[in-house]
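Asker: Pasting a structure below so you can have a look.
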Amino acid sequence: INISRYTKPAYEINLTPEKRNAYAGDTIKLKGKAAFFEGTPVPNLKLVYQTPEGNKDVVTNDVGEVDLTYTKKYSDCSETNYNCWPDYINLSLRPKESELAEISTNTYLNFYGPNVYLKSKVDYPKKGKARIAMESKYIDLNVAENEEIYTDKNAANMKIIGEVIMTKYIKRETGTHYDFINKKTYKSYEYDRVEKKLKSFSAQTDQNGKYDYEIEIEPETSYQVKVKIYDSQGKYDAYSYYLYYYNGYSLRQYSYGYNYYYLDLGEPKTYKIGE
């Protein structure tokens, strides 16, 4: 533990946005303010406005204030980035000259890409089949700050584009190993991951904002379904779903390095307690 003398800052700085939520491409106004603790403004104070894109030198006016803005450009999601919106932006303001005590302030903004989002549920209606039930809903940034912006209002006729990636692990014999306890020799294996793009699809949600995607699932195989939901302006967000084989009783989630065991009862039948 280090104990040092506390030096009270000479003044304080605040950074306040006019709103916290906006769509990518929109500009948010902010106001920086520097004042002594009794309320007297600090005029002509040189400050550094820090954003993700870089720093900018600014100066307070006669009443200790400085008007600032921030704009987040829209960009498509990367191939490996899902649910890439909203983008959380941190902004800060600090004196340009060093002070005896550290003085700084920061605030955050939320930028959204499309004005729609997906509600979804994965289920398995029968053996060997998976279904993703999707619903496109609107995002409303005009609600009060303490209200939910992800509304339940249906977004009809929204474009959906997807692709299916199939993954298997192929067993490959690598040699043998000896079990000294049981005095037996066993074959040893490694598992090679094989990934293949199975199919692509394009669809549109119906008048109620709904679209169901169904696919046949093979045993000992996993599937990744990559989905993009577009709004009317062509902006999108990306989602990813993982599907596994359903044998009529339970899911079989296969992946390298894990062994899965289950009790095969043969023909389906019911049993009483104690049997």
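So you can find residues: chains in the structure tokens are A, B, ... in the order shown, residues in each start at 1, and ligands are numbered from 1 in order.
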Sorted by chain and rising residue number, which residues of segment 135-210 of chain A lie within 6 Å of segment 215-236 of chain A, and what are their closest atom pairs and distances in Å to one decimal, counting only C-alpha atoms, as a tab-separated table?
Answerer:
residue	atom	partner	partner_atom	distance
A:Lys159	CA	A:Tyr230	CA	5.3
A:Ile160	CA	A:Ile229	CA	4.8
A:Ile161	CA	A:Lys228	CA	5.3
A:Gly162	CA	A:Val227	CA	4.3
A:Glu163	CA	A:Lys226	CA	5.4
A:Val164	CA	A:Val225	CA	4.6
A:Ile165	CA	A:Gln224	CA	5.1
A:Met166	CA	A:Tyr223	CA	4.6
A:Thr167	CA	A:Ser222	CA	5.3
A:Lys168	CA	A:Thr221	CA	5.1
Asker: Can you pull out every residue within 7 Å of Asp26 of chain A, counting only C-alpha atoms, but drop anything in the same chain fewer than 2 positions away, and send it as a list in words?
Answerer: Ala22, Tyr23, Ala24, Ile28, Thr71 and Lys72 of chain A
Asker: Which residues are near segment 187-193 of chain A? Cut-off 8 Å, only C-alpha atoms, ignore same chain within fewer than 2 positions. Put them as a PyMOL selection string.
Answerer: chain A and resi 167-177+185+195+256
Asker: Just to be explicit: take each residue in the selection above, keep all heavy atoms, and write the result as a short mmCIF file (atom, residue, chain, number, x, y, z; two decimals), in the first residue's frame.
Answerer:
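Once everything was written out, this is part35.cif:
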data_model
loop_
_atom_site.label_atom_id
_atom_site.label_comp_id
_atom_site.auth_asym_id
_atom_site.auth_seq_id
_atom_site.Cartn_x
_atom_site.Cartn_y
_atom_site.Cartn_z
N THR A 167 -19.56 -28.52 -40.01
CA THR A 167 -18.29 -28.92 -39.40
C THR A 167 -18.36 -30.37 -38.95
O THR A 167 -19.31 -30.77 -38.29
CB THR A 167 -17.94 -28.02 -38.20
OG1 THR A 167 -17.89 -26.67 -38.62
CG2 THR A 167 -16.60 -28.42 -37.60
N LYS A 168 -17.32 -31.13 -39.33
CA LYS A 168 -17.18 -32.51 -38.88
C LYS A 168 -15.76 -32.72 -38.37
O LYS A 168 -14.84 -31.99 -38.74
CB LYS A 168 -17.45 -33.51 -40.02
CG LYS A 168 -18.90 -33.68 -40.38
CD LYS A 168 -19.06 -34.83 -41.37
CE LYS A 168 -20.52 -35.12 -41.65
NZ LYS A 168 -20.69 -36.32 -42.50
N TYR A 169 -15.59 -33.73 -37.52
CA TYR A 169 -14.26 -34.14 -37.06
C TYR A 169 -14.02 -35.56 -37.54
O TYR A 169 -14.72 -36.49 -37.14
CB TYR A 169 -14.17 -34.05 -35.54
CG TYR A 169 -14.16 -32.62 -35.05
CD1 TYR A 169 -15.34 -31.97 -34.73
CD2 TYR A 169 -12.97 -31.91 -34.94
CE1 TYR A 169 -15.34 -30.64 -34.30
CE2 TYR A 169 -12.96 -30.60 -34.51
CZ TYR A 169 -14.14 -29.97 -34.19
OH TYR A 169 -14.13 -28.66 -33.77
N ILE A 170 -13.07 -35.72 -38.45
CA ILE A 170 -12.79 -37.01 -39.07
C ILE A 170 -11.68 -37.72 -38.29
O ILE A 170 -10.59 -37.18 -38.09
CB ILE A 170 -12.36 -36.83 -40.54
CG1 ILE A 170 -13.41 -36.00 -41.29
CG2 ILE A 170 -12.16 -38.18 -41.20
CD1 ILE A 170 -14.79 -36.61 -41.30
N LYS A 171 -11.99 -38.94 -37.86
CA LYS A 171 -11.03 -39.72 -37.08
C LYS A 171 -9.92 -40.26 -37.99
O LYS A 171 -10.18 -40.83 -39.05
CB LYS A 171 -11.74 -40.87 -36.38
CG LYS A 171 -10.83 -41.66 -35.44
CD LYS A 171 -11.64 -42.59 -34.54
CE LYS A 171 -12.32 -43.68 -35.30
NZ LYS A 171 -12.94 -44.68 -34.39
N ARG A 172 -8.67 -40.06 -37.55
CA ARG A 172 -7.51 -40.53 -38.32
C ARG A 172 -6.57 -41.32 -37.41
O ARG A 172 -6.17 -40.86 -36.35
CB ARG A 172 -6.77 -39.32 -38.91
CG ARG A 172 -5.47 -39.64 -39.60
CD ARG A 172 -4.95 -38.43 -40.37
NE ARG A 172 -4.94 -37.22 -39.55
CZ ARG A 172 -3.94 -36.88 -38.75
NH1 ARG A 172 -2.87 -37.67 -38.64
NH2 ARG A 172 -3.99 -35.77 -38.04
N GLU A 173 -6.27 -42.55 -37.83
CA GLU A 173 -5.40 -43.42 -37.03
C GLU A 173 -3.96 -42.91 -37.08
O GLU A 173 -3.42 -42.61 -38.14
CB GLU A 173 -5.47 -44.85 -37.55
CG GLU A 173 -4.70 -45.84 -36.69
CD GLU A 173 -4.85 -47.28 -37.16
OE1 GLU A 173 -5.88 -47.58 -37.82
OE2 GLU A 173 -3.95 -48.09 -36.88
N THR A 174 -3.35 -42.80 -35.89
CA THR A 174 -1.98 -42.26 -35.81
C THR A 174 -0.97 -43.26 -35.26
O THR A 174 0.22 -42.97 -35.22
CB THR A 174 -1.97 -41.01 -34.91
OG1 THR A 174 -2.46 -41.36 -33.60
CG2 THR A 174 -2.84 -39.91 -35.49
N GLY A 175 -1.42 -44.42 -34.84
CA GLY A 175 -0.50 -45.40 -34.29
C GLY A 175 -1.16 -46.22 -33.20
O GLY A 175 -2.38 -46.43 -33.23
N THR A 176 -0.37 -46.68 -32.23
CA THR A 176 -0.89 -47.45 -31.12
C THR A 176 -0.29 -46.95 -29.82
O THR A 176 0.74 -46.27 -29.80
CB THR A 176 -0.56 -48.95 -31.28
OG1 THR A 176 0.87 -49.10 -31.33
CG2 THR A 176 -1.19 -49.52 -32.54
N HIS A 177 -0.96 -47.29 -28.70
CA HIS A 177 -0.39 -47.03 -27.38
C HIS A 177 -0.66 -48.24 -26.48
O HIS A 177 -1.64 -48.96 -26.68
CB HIS A 177 -0.97 -45.75 -26.77
CG HIS A 177 -2.39 -45.88 -26.33
ND1 HIS A 177 -3.46 -45.72 -27.21
CD2 HIS A 177 -2.93 -46.18 -25.11
CE1 HIS A 177 -4.59 -45.88 -26.57
NE2 HIS A 177 -4.31 -46.18 -25.30
N THR A 185 -2.75 -53.40 -26.05
CA THR A 185 -2.35 -52.37 -27.01
C THR A 185 -3.60 -51.85 -27.73
O THR A 185 -4.44 -52.65 -28.18
CB THR A 185 -1.37 -52.93 -28.04
OG1 THR A 185 -0.18 -53.38 -27.36
CG2 THR A 185 -0.98 -51.86 -29.06
N GLU A 195 -14.30 -28.30 -42.35
CA GLU A 195 -15.33 -27.27 -42.41
C GLU A 195 -15.71 -27.02 -43.86
O GLU A 195 -14.83 -26.89 -44.73
CB GLU A 195 -14.83 -25.99 -41.75
CG GLU A 195 -15.91 -24.96 -41.50
CD GLU A 195 -15.38 -23.79 -40.69
OE1 GLU A 195 -15.34 -23.89 -39.45
OE2 GLU A 195 -14.99 -22.78 -41.31
N TYR A 256 -14.34 -31.71 -31.22
CA TYR A 256 -13.08 -32.43 -31.00
C TYR A 256 -12.67 -32.35 -29.53
O TYR A 256 -12.79 -31.33 -28.87
CB TYR A 256 -11.97 -31.83 -31.86
CG TYR A 256 -10.60 -32.36 -31.51
CD1 TYR A 256 -10.26 -33.68 -31.82
CD2 TYR A 256 -9.68 -31.57 -30.86
CE1 TYR A 256 -9.01 -34.17 -31.50
CE2 TYR A 256 -8.43 -32.05 -30.53
CZ TYR A 256 -8.10 -33.36 -30.85
OH TYR A 256 -6.86 -33.84 -30.52
#
Asker: Contacts of Thr205 of chain A at 6 Å or less, counting only C-alpha atoms, minus same-chain residues fewer than 2 places along, as a PDB file with all heavy atoms, in the first residue's frame?
Answerer:
ATOM      1  N   ALA A 156     -41.869  -5.573 -40.992  1.00  0.00           N
ATOM      2  CA  ALA A 156     -42.296  -6.450 -42.090  1.00  0.00           C
ATOM      3  C   ALA A 156     -41.389  -6.309 -43.303  1.00  0.00           C
ATOM      4  O   ALA A 156     -40.772  -5.262 -43.536  1.00  0.00           O
ATOM      5  CB  ALA A 156     -43.733  -6.124 -42.476  1.00  0.00           C
ATOM      6  N   ASN A 157     -41.297  -7.394 -44.060  1.00  0.00           N
ATOM      7  CA  ASN A 157     -40.627  -7.408 -45.376  1.00  0.00           C
ATOM      8  C   ASN A 157     -39.157  -6.988 -45.302  1.00  0.00           C
ATOM      9  O   ASN A 157     -38.666  -6.247 -46.162  1.00  0.00           O
ATOM     10  CB  ASN A 157     -41.380  -6.500 -46.359  1.00  0.00           C
ATOM     11  CG  ASN A 157     -42.849  -6.864 -46.482  1.00  0.00           C
ATOM     12  OD1 ASN A 157     -43.205  -8.046 -46.558  1.00  0.00           O
ATOM     13  ND2 ASN A 157     -43.702  -5.860 -46.482  1.00  0.00           N
ATOM     14  N   MET A 158     -38.457  -7.473 -44.298  1.00  0.00           N
ATOM     15  CA  MET A 158     -37.035  -7.171 -44.162  1.00  0.00           C
ATOM     16  C   MET A 158     -36.196  -8.278 -44.785  1.00  0.00           C
ATOM     17  O   MET A 158     -36.485  -9.462 -44.637  1.00  0.00           O
ATOM     18  CB  MET A 158     -36.662  -6.986 -42.690  1.00  0.00           C
ATOM     19  CG  MET A 158     -37.279  -5.757 -42.062  1.00  0.00           C
ATOM     20  SD  MET A 158     -36.712  -4.249 -42.876  1.00  0.00           S
ATOM     21  CE  MET A 158     -38.009  -3.095 -42.412  1.00  0.00           C
ATOM     22  N   GLY A 209     -43.281  -9.841 -39.766  1.00  0.00           N
ATOM     23  CA  GLY A 209     -41.862  -9.806 -39.429  1.00  0.00           C
ATOM     24  C   GLY A 209     -41.265 -11.166 -39.130  1.00  0.00           C
ATOM     25  O   GLY A 209     -40.189 -11.248 -38.555  1.00  0.00           O
ATOM     26  N   LYS A 210     -41.927 -12.251 -39.550  1.00  0.00           N
ATOM     27  CA  LYS A 210     -41.480 -13.596 -39.188  1.00  0.00           C
ATOM     28  C   LYS A 210     -40.882 -14.333 -40.385  1.00  0.00           C
ATOM     29  O   LYS A 210     -41.296 -14.156 -41.525  1.00  0.00           O
ATOM     30  CB  LYS A 210     -42.644 -14.410 -38.621  1.00  0.00           C
ATOM     31  CG  LYS A 210     -43.186 -13.869 -37.311  1.00  0.00           C
ATOM     32  CD  LYS A 210     -44.284 -14.762 -36.757  1.00  0.00           C
ATOM     33  CE  LYS A 210     -44.790 -14.256 -35.413  1.00  0.00           C
ATOM     34  NZ  LYS A 210     -45.841 -15.131 -34.856  1.00  0.00           N
ATOM     35  N   TYR A 211     -39.894 -15.160 -40.083  1.00  0.00           N
ATOM     36  CA  TYR A 211     -39.320 -16.067 -41.073  1.00  0.00           C
ATOM     37  C   TYR A 211     -38.711 -17.258 -40.333  1.00  0.00           C
ATOM     38  O   TYR A 211     -37.958 -17.088 -39.375  1.00  0.00           O
ATOM     39  CB  TYR A 211     -38.239 -15.381 -41.903  1.00  0.00           C
ATOM     40  CG  TYR A 211     -37.481 -16.337 -42.795  1.00  0.00           C
ATOM     41  CD1 TYR A 211     -38.089 -16.926 -43.893  1.00  0.00           C
ATOM     42  CD2 TYR A 211     -36.152 -16.676 -42.515  1.00  0.00           C
ATOM     43  CE1 TYR A 211     -37.403 -17.818 -44.699  1.00  0.00           C
ATOM     44  CE2 TYR A 211     -35.458 -17.559 -43.320  1.00  0.00           C
ATOM     45  CZ  TYR A 211     -36.088 -18.135 -44.415  1.00  0.00           C
ATOM     46  OH  TYR A 211     -35.413 -19.014 -45.203  1.00  0.00           O
TER      47      TYR A 211
END
